[in-house]
Amino acid sequence: QNNPQVCPYGLYAEQLSGSAFTCPRPTNKRSWLYRILPSVCHKPFKPLEEGHLTHYWDEIEPDPNQLRWKPFEIPKAPQNKVDFVSGLHTLCGAGEPRGRNGIAVHIFVCNTSMIDRCLYNSDGDFLIVPQQGKLLITTEFGKMLVEPNEICVIQQGMRFSVEVFGETRGYILEVYGAHFELPDLGPIGANGLANPRDFLVPVAWYEDRQVPGGYTVISKYQGKLFAAQQDFSPFNVVAWHGNYTPYKYHLEKFMVINAVAFDHADPSIFTVLTAKTTRAGVALADFVIFPPRWGVANNTFRPPYYHRNCMSEFMGLIKGHYEAKEEGFQPGGGSLHSMMTPHGPDADCFEKASKAKLEPERVADGTMAFMFESSLSLAVTKWGLQTSNRLDKNYYKCWEPLKSHFNPKCK
């Protein structure tokens, strides 16, 4: 049973619910944790300075331009020790957590481990994409080592602490009101894209540790941070069972599908995880990758085509050189193409691809780019547009050399 009168080993039973009790069985999420002390044993929460973490989207006027950021700077440790929580910076987002509908894109930059403090997100799920430096993440369910080219998801309410091993940087997609899941495969059939067996969850690990100086539990609640003190480690879960867990995934495990005749398949074929809305086929947020693959399409302009989209597209680069913009788009930076804002390959890419000999070729070897795509119209924060000082104000110039090739007499 889940909660016997007296638990084995003198433990406390505690349920963590990730869905309403009455959700249909396929979407019902819960786990039972068996703890040395229950998580309710803490002092009252008090407000904590949230720095550049925000969900306030009206602090600066909207900007419909194509936006690109240079790699975000990581503080140097001797001058300024910054851990995962204090290194969170909100770049853009929409919606708000109280209404349980919205997303946020955060950048994290840090150089020191979280010591005697942990974080849990009352607002939603974190999809964490490390770009530089590995993360040793301790959760209530166990430990996960997450390296660049891997991702992990820490779902709503799960306490975790992040240990780093030097200068560390990455991206976070936060969703309010939905959980990430595998996309439906439709005509693809039973196999393809990300396979369920490749997602890894921690095994139980615990520490029975007193912290006389005080352990800080940080809650992200309604977009703000609050801190409570307790005198023991929160990672005191000796055993657990259930289907509501943190998990990680290696992006090299993705089974890539591509066009093998002509033209492009839509980039939705590269979706690893999706957070759905109530509208069929319309995502609150998709996590999409552009991994190494073969390009073989005949009579086709093979790089990404010029595009205007009813969705918002934030792109980041984990490693390598993105084919459509090999120079200005760098690992650790990002770009945002907002709703109906045109975008596509730069002038150099267009000219080279238009004249290239079409033969089977490897695309994106040594590269991993990704996209956070959302049906919401994203607002950029003041930190993103001004304070970070990483906005590339010359981004628009990469398209200026494009010239007309129109010849009305050509047949």
# chains A, B, ... in the order shown; residues from 1 in each chain; ligands from 1

call {"tool": "select_by_dssp", "arguments": {"residues": "region 200-357 of chain A", "states": "strand (DSSP E)", "output": "count of residues only"}}
result
60

call {"tool": "closest_atom_pairs", "arguments": {"of": "region 289-391 of chain A", "to": "region 237-260 of chain A", "cutoff": "12 Å", "atoms": "only C-alpha atoms", "output": "tab-separated table"}}
result
residue	atom	partner	partner_atom	distance
A:Ile289	CA	A:Leu251	CA	8.1
A:Phe290	CA	A:Val256	CA	8.9
A:Pro291	CA	A:Val256	CA	7.5
A:Pro292	CA	A:Val256	CA	8.4
A:Arg293	CA	A:Val256	CA	6.9
A:Trp294	CA	A:Asn258	CA	7.8
A:Gly295	CA	A:Asn258	CA	7.7
A:Val296	CA	A:Val260	CA	5.8
A:Ala297	CA	A:Val260	CA	5.4
A:Asn298	CA	A:Val260	CA	8.1
A:Asn299	CA	A:Val260	CA	11.4
A:Thr300	CA	A:Ala259	CA	10.3
A:Arg302	CA	A:Ala259	CA	10.1
A:Ile318	CA	A:Leu251	CA	10.9
A:Glu359	CA	A:Val260	CA	11.7
A:Pro360	CA	A:Val260	CA	9.9
A:Val363	CA	A:Asn258	CA	11.2
A:Asp365	CA	A:Glu252	CA	11.6
A:Gly366	CA	A:Glu252	CA	11.1
A:Thr367	CA	A:Glu252	CA	11.0
A:Met368	CA	A:Leu251	CA	8.6
A:Ala369	CA	A:Leu251	CA	10.6
A:Phe370	CA	A:Leu251	CA	10.3

call {"tool": "select_by_dssp", "arguments": {"residues": "region 315-410 of chain A", "states": "helix (DSSP H, G or I)", "output": "short mmCIF file (atom, residue, chain, number, x, y, z; two decimals) with N, CA and C atoms, in the first residue's frame"}}
result
data_model
loop_
_atom_site.label_atom_id
_atom_site.label_comp_id
_atom_site.auth_asym_id
_atom_site.auth_seq_id
_atom_site.Cartn_x
_atom_site.Cartn_y
_atom_site.Cartn_z
N ALA A 347 22.69 36.10 -46.37
CA ALA A 347 23.01 36.23 -47.79
C ALA A 347 24.07 35.23 -48.23
N ASP A 348 25.10 35.03 -47.42
CA ASP A 348 26.15 34.08 -47.79
C ASP A 348 25.59 32.67 -47.94
N CYS A 349 24.78 32.27 -46.99
CA CYS A 349 24.19 30.93 -47.03
C CYS A 349 23.32 30.77 -48.28
N PHE A 350 22.52 31.80 -48.60
CA PHE A 350 21.64 31.70 -49.76
C PHE A 350 22.44 31.54 -51.05
N GLU A 351 23.47 32.34 -51.21
CA GLU A 351 24.25 32.27 -52.45
C GLU A 351 24.96 30.93 -52.58
N LYS A 352 25.56 30.46 -51.52
CA LYS A 352 26.28 29.19 -51.58
C LYS A 352 25.33 28.02 -51.87
N ALA A 353 24.20 28.00 -51.17
CA ALA A 353 23.27 26.88 -51.33
C ALA A 353 22.59 26.91 -52.69
N SER A 354 22.41 28.09 -53.27
CA SER A 354 21.76 28.19 -54.57
C SER A 354 22.66 27.66 -55.69
N LYS A 355 23.98 27.69 -55.46
CA LYS A 355 24.93 27.28 -56.49
C LYS A 355 25.56 25.91 -56.21
N LYS A 382 13.63 43.58 -20.09
CA LYS A 382 14.59 44.68 -20.12
C LYS A 382 16.01 44.13 -20.04
N TRP A 383 16.20 43.06 -19.27
CA TRP A 383 17.53 42.45 -19.21
C TRP A 383 17.94 41.95 -20.59
N GLY A 384 17.01 41.32 -21.31
CA GLY A 384 17.33 40.79 -22.62
C GLY A 384 17.66 41.87 -23.63
N LEU A 385 16.92 42.98 -23.61
CA LEU A 385 17.10 44.02 -24.62
C LEU A 385 18.19 45.02 -24.24
N GLN A 386 18.42 45.22 -22.94
CA GLN A 386 19.33 46.29 -22.54
C GLN A 386 20.40 45.83 -21.56
N THR A 387 19.98 45.37 -20.38
CA THR A 387 20.92 45.17 -19.28
C THR A 387 21.99 44.13 -19.59
N TYR A 395 22.28 42.55 -36.35
CA TYR A 395 21.75 41.28 -36.86
C TYR A 395 21.07 41.47 -38.22
N TYR A 396 20.28 42.54 -38.36
CA TYR A 396 19.52 42.76 -39.59
C TYR A 396 20.43 42.87 -40.82
N LYS A 397 21.69 43.22 -40.60
CA LYS A 397 22.59 43.44 -41.73
C LYS A 397 22.97 42.16 -42.46
N CYS A 398 22.74 41.00 -41.83
CA CYS A 398 23.11 39.75 -42.49
C CYS A 398 22.24 39.48 -43.71
N TRP A 399 21.08 40.17 -43.82
CA TRP A 399 20.20 40.01 -44.99
C TRP A 399 20.36 41.15 -46.00
#

call {"tool": "closest_residue", "arguments": {"among": "A:Arg209, A:His89, A:Arg362, A:His337", "to": "Arg308 (chain A)", "atoms": "only C-alpha atoms"}}
result
A:His337

call {"tool": "closest_residue", "arguments": {"among": "A:Leu53, A:Cys92, A:Glu181, A:Ser233", "to": "Pro26 (chain A)", "atoms": "only C-alpha atoms"}}
result
A:Glu181

call {"tool": "closest_residue", "arguments": {"among": "A:Asn101, A:Thr138, A:Asn80, A:Ser17", "to": "Ser161 (chain A)", "atoms": "only C-alpha atoms"}}
result
A:Thr138

call {"tool": "closest_atom_pairs", "arguments": {"of": "region 64-137 of chain A", "to": "region 151-159 of chain A", "cutoff": "9 Å", "atoms": "only C-alpha atoms", "output": "CSV"}}
result
residue,atom,partner,partner_atom,distance
A:Cys118,CA,A:Arg159,CA,6.3
A:Leu119,CA,A:Arg159,CA,5.5
A:Tyr120,CA,A:Arg159,CA,4.5
A:Asn121,CA,A:Gly157,CA,5.3
A:Ser122,CA,A:Gly157,CA,5.2
A:Asp123,CA,A:Gln156,CA,6.6
A:Gly124,CA,A:Gln156,CA,4.7
A:Asp125,CA,A:Gln155,CA,4.3
A:Phe126,CA,A:Ile154,CA,5.2
A:Leu127,CA,A:Val153,CA,4.5
A:Ile128,CA,A:Cys152,CA,5.4
A:Val129,CA,A:Ile151,CA,4.9
A:Pro130,CA,A:Ile151,CA,6.9

call {"tool": "write_last_selection", "arguments": {"atoms": "all heavy atoms", "output": "compact mmCIF listing (two decimals), in the first residue's frame"}}
result
# COMPACT_ATOMS: atom_id res chain seq x y z
N CYS A 118 18.40 24.58 -1.91
CA CYS A 118 17.76 23.93 -3.04
C CYS A 118 16.64 24.82 -3.55
O CYS A 118 16.24 25.79 -2.90
CB CYS A 118 17.23 22.54 -2.64
SG CYS A 118 15.79 22.59 -1.54
N LEU A 119 16.14 24.47 -4.72
CA LEU A 119 15.07 25.23 -5.37
C LEU A 119 13.94 24.29 -5.75
O LEU A 119 14.19 23.13 -6.11
CB LEU A 119 15.63 25.90 -6.64
CG LEU A 119 14.62 26.57 -7.58
CD1 LEU A 119 14.01 27.81 -6.95
CD2 LEU A 119 15.30 26.95 -8.90
N TYR A 120 12.71 24.74 -5.64
CA TYR A 120 11.61 24.05 -6.31
C TYR A 120 10.72 25.09 -6.96
O TYR A 120 10.60 26.23 -6.50
CB TYR A 120 10.84 23.12 -5.38
CG TYR A 120 9.95 23.78 -4.35
CD1 TYR A 120 8.60 24.02 -4.59
CD2 TYR A 120 10.44 24.11 -3.09
CE1 TYR A 120 7.78 24.57 -3.63
CE2 TYR A 120 9.63 24.67 -2.12
CZ TYR A 120 8.30 24.90 -2.39
OH TYR A 120 7.49 25.47 -1.44
N ASN A 121 10.12 24.70 -8.07
CA ASN A 121 9.33 25.61 -8.89
C ASN A 121 7.85 25.31 -8.70
O ASN A 121 7.35 24.28 -9.16
CB ASN A 121 9.74 25.45 -10.36
CG ASN A 121 9.09 26.47 -11.27
OD1 ASN A 121 8.25 27.27 -10.83
ND2 ASN A 121 9.47 26.46 -12.53
N SER A 122 7.15 26.18 -8.01
CA SER A 122 5.72 26.02 -7.82
C SER A 122 4.93 26.42 -9.06
O SER A 122 3.74 26.11 -9.17
CB SER A 122 5.24 26.89 -6.64
OG SER A 122 5.90 26.54 -5.45
N ASP A 123 5.57 27.12 -9.98
CA ASP A 123 4.87 27.68 -11.13
C ASP A 123 4.78 26.72 -12.31
O ASP A 123 3.83 26.79 -13.09
CB ASP A 123 5.58 28.95 -11.60
CG ASP A 123 5.53 30.07 -10.57
OD1 ASP A 123 4.58 30.07 -9.76
OD2 ASP A 123 6.43 30.93 -10.57
N GLY A 124 5.77 25.85 -12.49
CA GLY A 124 5.75 25.00 -13.67
C GLY A 124 6.97 24.11 -13.77
O GLY A 124 7.67 23.87 -12.79
N ASP A 125 7.21 23.62 -14.97
CA ASP A 125 8.32 22.70 -15.24
C ASP A 125 9.49 23.45 -15.84
O ASP A 125 9.32 24.38 -16.63
CB ASP A 125 7.88 21.62 -16.26
CG ASP A 125 6.86 20.65 -15.71
OD1 ASP A 125 6.35 20.88 -14.60
OD2 ASP A 125 6.57 19.66 -16.40
N PHE A 126 10.70 23.00 -15.50
CA PHE A 126 11.93 23.49 -16.10
C PHE A 126 12.48 22.43 -17.06
O PHE A 126 12.73 21.29 -16.65
CB PHE A 126 13.00 23.73 -15.04
CG PHE A 126 12.93 25.06 -14.32
CD1 PHE A 126 13.52 25.21 -13.07
CD2 PHE A 126 12.31 26.16 -14.89
CE1 PHE A 126 13.48 26.41 -12.40
CE2 PHE A 126 12.26 27.37 -14.23
CZ PHE A 126 12.86 27.51 -12.98
N LEU A 127 12.67 22.80 -18.32
CA LEU A 127 13.44 21.98 -19.25
C LEU A 127 14.80 22.65 -19.36
O LEU A 127 14.91 23.79 -19.85
CB LEU A 127 12.75 21.89 -20.61
CG LEU A 127 13.34 20.91 -21.63
CD1 LEU A 127 12.28 20.50 -22.66
CD2 LEU A 127 14.55 21.46 -22.36
N ILE A 128 15.84 21.98 -18.89
CA ILE A 128 17.17 22.57 -18.75
C ILE A 128 18.07 22.04 -19.85
O ILE A 128 18.19 20.83 -20.05
CB ILE A 128 17.76 22.26 -17.36
CG1 ILE A 128 16.85 22.81 -16.26
CG2 ILE A 128 19.17 22.84 -17.23
CD1 ILE A 128 17.25 22.41 -14.85
N VAL A 129 18.72 22.97 -20.57
CA VAL A 129 19.61 22.63 -21.68
C VAL A 129 21.01 23.17 -21.36
O VAL A 129 21.30 24.35 -21.63
CB VAL A 129 19.10 23.24 -23.01
CG1 VAL A 129 19.98 22.79 -24.18
CG2 VAL A 129 17.65 22.87 -23.26
N PRO A 130 21.90 22.36 -20.78
CA PRO A 130 23.25 22.86 -20.53
C PRO A 130 24.01 23.08 -21.83
O PRO A 130 23.88 22.28 -22.77
CB PRO A 130 23.89 21.76 -19.68
CG PRO A 130 23.09 20.54 -19.95
CD PRO A 130 21.72 20.98 -20.31

call {"tool": "residues_around", "arguments": {"residues": "region 3-5 of chain A", "least_positions_apart": "4", "cutoff": "9 Å", "atoms": "only C-alpha atoms", "output": "PyMOL selection string"}}
result
chain A and resi 12-14+32

call {"tool": "write_last_selection", "arguments": {"atoms": "all heavy atoms", "output": "short mmCIF file (atom, residue, chain, number, x, y, z; two decimals), in the first residue's frame"}}
result
data_model
loop_
_atom_site.label_atom_id
_atom_site.label_comp_id
_atom_site.auth_asym_id
_atom_site.auth_seq_id
_atom_site.Cartn_x
_atom_site.Cartn_y
_atom_site.Cartn_z
N TYR A 12 8.40 8.55 6.78
CA TYR A 12 7.14 9.26 6.55
C TYR A 12 6.75 9.10 5.09
O TYR A 12 7.58 9.26 4.19
CB TYR A 12 7.29 10.75 6.86
CG TYR A 12 7.41 11.09 8.32
CD1 TYR A 12 8.65 11.05 8.96
CD2 TYR A 12 6.30 11.48 9.06
CE1 TYR A 12 8.79 11.39 10.30
CE2 TYR A 12 6.42 11.83 10.40
CZ TYR A 12 7.65 11.78 11.02
OH TYR A 12 7.78 12.11 12.34
N ALA A 13 5.47 8.81 4.83
CA ALA A 13 4.96 8.76 3.46
C ALA A 13 4.47 10.15 3.05
O ALA A 13 3.80 10.84 3.82
CB ALA A 13 3.82 7.75 3.36
N GLU A 14 4.81 10.55 1.83
CA GLU A 14 4.42 11.86 1.33
C GLU A 14 4.14 11.75 -0.16
O GLU A 14 4.98 11.25 -0.91
CB GLU A 14 5.53 12.88 1.59
CG GLU A 14 5.24 14.28 1.10
CD GLU A 14 6.39 15.23 1.44
OE1 GLU A 14 6.56 15.56 2.64
OE2 GLU A 14 7.13 15.62 0.52
N TRP A 32 4.93 8.63 -4.78
CA TRP A 32 4.98 8.52 -3.33
C TRP A 32 6.44 8.52 -2.89
O TRP A 32 7.25 7.74 -3.40
CB TRP A 32 4.28 7.25 -2.86
CG TRP A 32 2.79 7.39 -2.85
CD1 TRP A 32 1.92 7.08 -3.85
CD2 TRP A 32 2.00 7.88 -1.77
NE1 TRP A 32 0.63 7.35 -3.48
CE2 TRP A 32 0.64 7.85 -2.20
CE3 TRP A 32 2.28 8.35 -0.48
CZ2 TRP A 32 -0.41 8.27 -1.38
CZ3 TRP A 32 1.23 8.76 0.32
CH2 TRP A 32 -0.10 8.72 -0.11
#

call {"tool": "atom_distance", "arguments": {"atom1": "CA of Ser374 (chain A)", "atom2": "CA of Met315 (chain A)"}}
result
11.5 Å

call {"tool": "residues_around", "arguments": {"residues": "Leu378 (chain A)", "least_positions_apart": "4", "cutoff": "8 Å", "atoms": "only C-alpha atoms", "output": "compact mmCIF listing (two decimals) with N, CA and C atoms, in the first residue's frame"}}
result
# COMPACT_ATOMS: atom_id res chain seq x y z
N CYS A 92 12.77 36.12 -22.10
CA CYS A 92 11.50 36.45 -22.73
C CYS A 92 10.42 35.50 -22.21
N GLY A 93 9.18 35.82 -22.51
CA GLY A 93 8.10 34.95 -22.07
C GLY A 93 6.74 35.55 -22.36
N ALA A 94 5.72 34.85 -21.90
CA ALA A 94 4.33 35.30 -22.07
C ALA A 94 3.46 34.55 -21.09
N SER A 312 6.12 31.70 -32.16
CA SER A 312 7.35 32.39 -31.76
C SER A 312 8.48 31.36 -31.73
N SER A 338 9.98 36.58 -33.72
CA SER A 338 8.64 36.68 -33.13
C SER A 338 7.57 36.40 -34.18

call {"tool": "closest_residue", "arguments": {"among": "A:Pro38, A:Pro342, A:Pro71, A:Pro183", "to": "Ala283 (chain A)", "atoms": "only C-alpha atoms"}}
result
A:Pro183

call {"tool": "atom_distance", "arguments": {"atom1": "CA of Thr216 (chain A)", "atom2": "CA of Gln230 (chain A)"}}
result
6.6 Å

call {"tool": "residues_around", "arguments": {"residues": "Glu73 (chain A)", "least_positions_apart": "5", "cutoff": "9 Å", "atoms": "only C-alpha atoms", "output": "list of chain:residue names"}}
result
A:Val109, A:Arg169, A:Gly332, A:Ser388, A:Arg390

call {"tool": "closest_residue", "arguments": {"among": "A:Lys143, A:Glu163, A:Gln66, A:Thr90", "to": "Thr112 (chain A)", "atoms": "only C-alpha atoms"}}
result
A:Glu163

call {"tool": "atom_distance", "arguments": {"atom1": "CA of Cys41 (chain A)", "atom2": "CA of Ala228 (chain A)"}}
result
10.0 Å

call {"tool": "closest_residue", "arguments": {"among": "A:Gly316, A:Gly223, A:Gly10, A:Pro202", "to": "Pro97 (chain A)", "atoms": "only C-alpha atoms"}}
result
A:Gly223

call {"tool": "residues_around", "arguments": {"residues": "Met339 (chain A)", "least_positions_apart": "2", "cutoff": "8 Å", "atoms": "only C-alpha atoms", "output": "PDB file with N, CA and C atoms, in the first residue's frame"}}
result
ATOM      1  N   PRO A  64       9.235  43.923 -32.405  1.00  0.00           N
ATOM      2  CA  PRO A  64       8.956  42.870 -33.385  1.00  0.00           C
ATOM      3  C   PRO A  64      10.162  42.511 -34.258  1.00  0.00           C
ATOM      4  N   ARG A 308       7.750  33.142 -42.479  1.00  0.00           N
ATOM      5  CA  ARG A 308       7.004  33.934 -41.491  1.00  0.00           C
ATOM      6  C   ARG A 308       6.053  32.982 -40.794  1.00  0.00           C
ATOM      7  N   ASN A 309       5.971  33.057 -39.483  1.00  0.00           N
ATOM      8  CA  ASN A 309       5.344  31.996 -38.701  1.00  0.00           C
ATOM      9  C   ASN A 309       4.355  32.582 -37.705  1.00  0.00           C
ATOM     10  N   CYS A 310       3.231  31.875 -37.501  1.00  0.00           N
ATOM     11  CA  CYS A 310       2.262  32.282 -36.478  1.00  0.00           C
ATOM     12  C   CYS A 310       2.708  31.850 -35.086  1.00  0.00           C
ATOM     13  N   MET A 311       3.872  31.213 -34.992  1.00  0.00           N
ATOM     14  CA  MET A 311       4.447  30.826 -33.706  1.00  0.00           C
ATOM     15  C   MET A 311       5.668  31.710 -33.413  1.00  0.00           C
ATOM     16  N   SER A 312       6.117  31.705 -32.164  1.00  0.00           N
ATOM     17  CA  SER A 312       7.350  32.385 -31.763  1.00  0.00           C
ATOM     18  C   SER A 312       8.481  31.360 -31.726  1.00  0.00           C
ATOM     19  N   GLU A 313       9.653  31.744 -32.248  1.00  0.00           N
ATOM     20  CA  GLU A 313      10.775  30.818 -32.351  1.00  0.00           C
ATOM     21  C   GLU A 313      12.009  31.389 -31.650  1.00  0.00           C
ATOM     22  N   HIS A 337      12.797  35.023 -33.217  1.00  0.00           N
ATOM     23  CA  HIS A 337      12.002  35.488 -34.352  1.00  0.00           C
ATOM     24  C   HIS A 337      10.546  35.417 -33.916  1.00  0.00           C
ATOM     25  N   THR A 341       7.349  37.698 -37.865  1.00  0.00           N
ATOM     26  CA  THR A 341       8.578  38.395 -38.225  1.00  0.00           C
ATOM     27  C   THR A 341       9.365  37.528 -39.202  1.00  0.00           C
ATOM     28  N   SER A 377       2.794  34.802 -28.043  1.00  0.00           N
ATOM     29  CA  SER A 377       3.607  35.919 -28.508  1.00  0.00           C
ATOM     30  C   SER A 377       4.510  36.369 -27.354  1.00  0.00           C
TER      31      SER A 377
END

call {"tool": "decode", "arguments": {"residues": "region 306-315 of chain A", "atoms": "all heavy atoms", "output": "PDB file, in the first residue's frame"}}
result
ATOM      1  N   TYR A 306      13.101  30.761 -46.258  1.00  0.00           N
ATOM      2  CA  TYR A 306      12.582  32.007 -45.677  1.00  0.00           C
ATOM      3  C   TYR A 306      11.165  31.763 -45.173  1.00  0.00           C
ATOM      4  O   TYR A 306      10.389  31.033 -45.777  1.00  0.00           O
ATOM      5  CB  TYR A 306      12.636  33.136 -46.707  1.00  0.00           C
ATOM      6  CG  TYR A 306      14.071  33.463 -47.075  1.00  0.00           C
ATOM      7  CD1 TYR A 306      14.628  32.978 -48.248  1.00  0.00           C
ATOM      8  CD2 TYR A 306      14.864  34.202 -46.215  1.00  0.00           C
ATOM      9  CE1 TYR A 306      15.949  33.244 -48.564  1.00  0.00           C
ATOM     10  CE2 TYR A 306      16.191  34.476 -46.518  1.00  0.00           C
ATOM     11  CZ  TYR A 306      16.729  33.989 -47.700  1.00  0.00           C
ATOM     12  OH  TYR A 306      18.047  34.240 -47.992  1.00  0.00           O
ATOM     13  N   HIS A 307      10.850  32.421 -44.060  1.00  0.00           N
ATOM     14  CA  HIS A 307       9.675  31.966 -43.321  1.00  0.00           C
ATOM     15  C   HIS A 307       9.074  33.107 -42.512  1.00  0.00           C
ATOM     16  O   HIS A 307       9.780  33.948 -41.952  1.00  0.00           O
ATOM     17  CB  HIS A 307      10.133  30.844 -42.357  1.00  0.00           C
ATOM     18  CG  HIS A 307       9.010  30.097 -41.702  1.00  0.00           C
ATOM     19  ND1 HIS A 307       9.161  29.413 -40.499  1.00  0.00           N
ATOM     20  CD2 HIS A 307       7.724  29.911 -42.070  1.00  0.00           C
ATOM     21  CE1 HIS A 307       8.021  28.849 -40.173  1.00  0.00           C
ATOM     22  NE2 HIS A 307       7.128  29.132 -41.102  1.00  0.00           N
ATOM     23  N   ARG A 308       7.750  33.142 -42.479  1.00  0.00           N
ATOM     24  CA  ARG A 308       7.004  33.934 -41.491  1.00  0.00           C
ATOM     25  C   ARG A 308       6.053  32.982 -40.794  1.00  0.00           C
ATOM     26  O   ARG A 308       5.377  32.184 -41.448  1.00  0.00           O
ATOM     27  CB  ARG A 308       6.245  35.072 -42.170  1.00  0.00           C
ATOM     28  CG  ARG A 308       7.162  36.175 -42.703  1.00  0.00           C
ATOM     29  CD  ARG A 308       6.385  37.292 -43.359  1.00  0.00           C
ATOM     30  NE  ARG A 308       5.684  36.824 -44.543  1.00  0.00           N
ATOM     31  CZ  ARG A 308       4.639  37.469 -45.068  1.00  0.00           C
ATOM     32  NH1 ARG A 308       4.156  38.563 -44.508  1.00  0.00           N
ATOM     33  NH2 ARG A 308       4.062  36.995 -46.158  1.00  0.00           N
ATOM     34  N   ASN A 309       5.971  33.057 -39.483  1.00  0.00           N
ATOM     35  CA  ASN A 309       5.344  31.996 -38.701  1.00  0.00           C
ATOM     36  C   ASN A 309       4.355  32.582 -37.705  1.00  0.00           C
ATOM     37  O   ASN A 309       4.615  33.627 -37.092  1.00  0.00           O
ATOM     38  CB  ASN A 309       6.434  31.210 -37.960  1.00  0.00           C
ATOM     39  CG  ASN A 309       5.936  29.903 -37.376  1.00  0.00           C
ATOM     40  OD1 ASN A 309       4.763  29.573 -37.464  1.00  0.00           O
ATOM     41  ND2 ASN A 309       6.832  29.152 -36.769  1.00  0.00           N
ATOM     42  N   CYS A 310       3.231  31.875 -37.501  1.00  0.00           N
ATOM     43  CA  CYS A 310       2.262  32.282 -36.478  1.00  0.00           C
ATOM     44  C   CYS A 310       2.708  31.850 -35.086  1.00  0.00           C
ATOM     45  O   CYS A 310       2.004  32.096 -34.103  1.00  0.00           O
ATOM     46  CB  CYS A 310       0.877  31.715 -36.782  1.00  0.00           C
ATOM     47  SG  CYS A 310       0.792  29.913 -36.727  1.00  0.00           S
ATOM     48  N   MET A 311       3.872  31.213 -34.992  1.00  0.00           N
ATOM     49  CA  MET A 311       4.447  30.826 -33.706  1.00  0.00           C
ATOM     50  C   MET A 311       5.668  31.710 -33.413  1.00  0.00           C
ATOM     51  O   MET A 311       6.194  32.384 -34.304  1.00  0.00           O
ATOM     52  CB  MET A 311       4.887  29.362 -33.734  1.00  0.00           C
ATOM     53  CG  MET A 311       3.826  28.385 -34.195  1.00  0.00           C
ATOM     54  SD  MET A 311       2.622  27.965 -32.932  1.00  0.00           S
ATOM     55  CE  MET A 311       3.460  26.609 -32.105  1.00  0.00           C
ATOM     56  N   SER A 312       6.117  31.705 -32.164  1.00  0.00           N
ATOM     57  CA  SER A 312       7.350  32.385 -31.763  1.00  0.00           C
ATOM     58  C   SER A 312       8.481  31.360 -31.726  1.00  0.00           C
ATOM     59  O   SER A 312       8.291  30.252 -31.233  1.00  0.00           O
ATOM     60  CB  SER A 312       7.192  33.014 -30.380  1.00  0.00           C
ATOM     61  OG  SER A 312       6.115  33.928 -30.364  1.00  0.00           O
ATOM     62  N   GLU A 313       9.653  31.744 -32.248  1.00  0.00           N
ATOM     63  CA  GLU A 313      10.775  30.818 -32.351  1.00  0.00           C
ATOM     64  C   GLU A 313      12.009  31.389 -31.650  1.00  0.00           C
ATOM     65  O   GLU A 313      12.607  32.360 -32.124  1.00  0.00           O
ATOM     66  CB  GLU A 313      11.120  30.546 -33.821  1.00  0.00           C
ATOM     67  CG  GLU A 313       9.964  29.987 -34.644  1.00  0.00           C
ATOM     68  CD  GLU A 313      10.348  29.762 -36.092  1.00  0.00           C
ATOM     69  OE1 GLU A 313      11.563  29.715 -36.399  1.00  0.00           O
ATOM     70  OE2 GLU A 313       9.441  29.642 -36.932  1.00  0.00           O
ATOM     71  N   PHE A 314      12.375  30.798 -30.535  1.00  0.00           N
ATOM     72  CA  PHE A 314      13.650  31.118 -29.896  1.00  0.00           C
ATOM     73  C   PHE A 314      14.628  29.997 -30.218  1.00  0.00           C
ATOM     74  O   PHE A 314      14.313  28.819 -30.011  1.00  0.00           O
ATOM     75  CB  PHE A 314      13.510  31.244 -28.377  1.00  0.00           C
ATOM     76  CG  PHE A 314      14.853  31.401 -27.689  1.00  0.00           C
ATOM     77  CD1 PHE A 314      15.451  32.643 -27.576  1.00  0.00           C
ATOM     78  CD2 PHE A 314      15.538  30.291 -27.190  1.00  0.00           C
ATOM     79  CE1 PHE A 314      16.703  32.781 -26.975  1.00  0.00           C
ATOM     80  CE2 PHE A 314      16.781  30.425 -26.594  1.00  0.00           C
ATOM     81  CZ  PHE A 314      17.366  31.671 -26.483  1.00  0.00           C
ATOM     82  N   MET A 315      15.805  30.348 -30.716  1.00  0.00           N
ATOM     83  CA  MET A 315      16.808  29.345 -31.043  1.00  0.00           C
ATOM     84  C   MET A 315      18.058  29.539 -30.205  1.00  0.00           C
ATOM     85  O   MET A 315      18.451  30.672 -29.888  1.00  0.00           O
ATOM     86  CB  MET A 315      17.174  29.400 -32.533  1.00  0.00           C
ATOM     87  CG  MET A 315      16.107  28.799 -33.423  1.00  0.00           C
ATOM     88  SD  MET A 315      16.699  28.439 -35.088  1.00  0.00           S
ATOM     89  CE  MET A 315      17.954  27.204 -34.764  1.00  0.00           C
TER      90      MET A 315
END
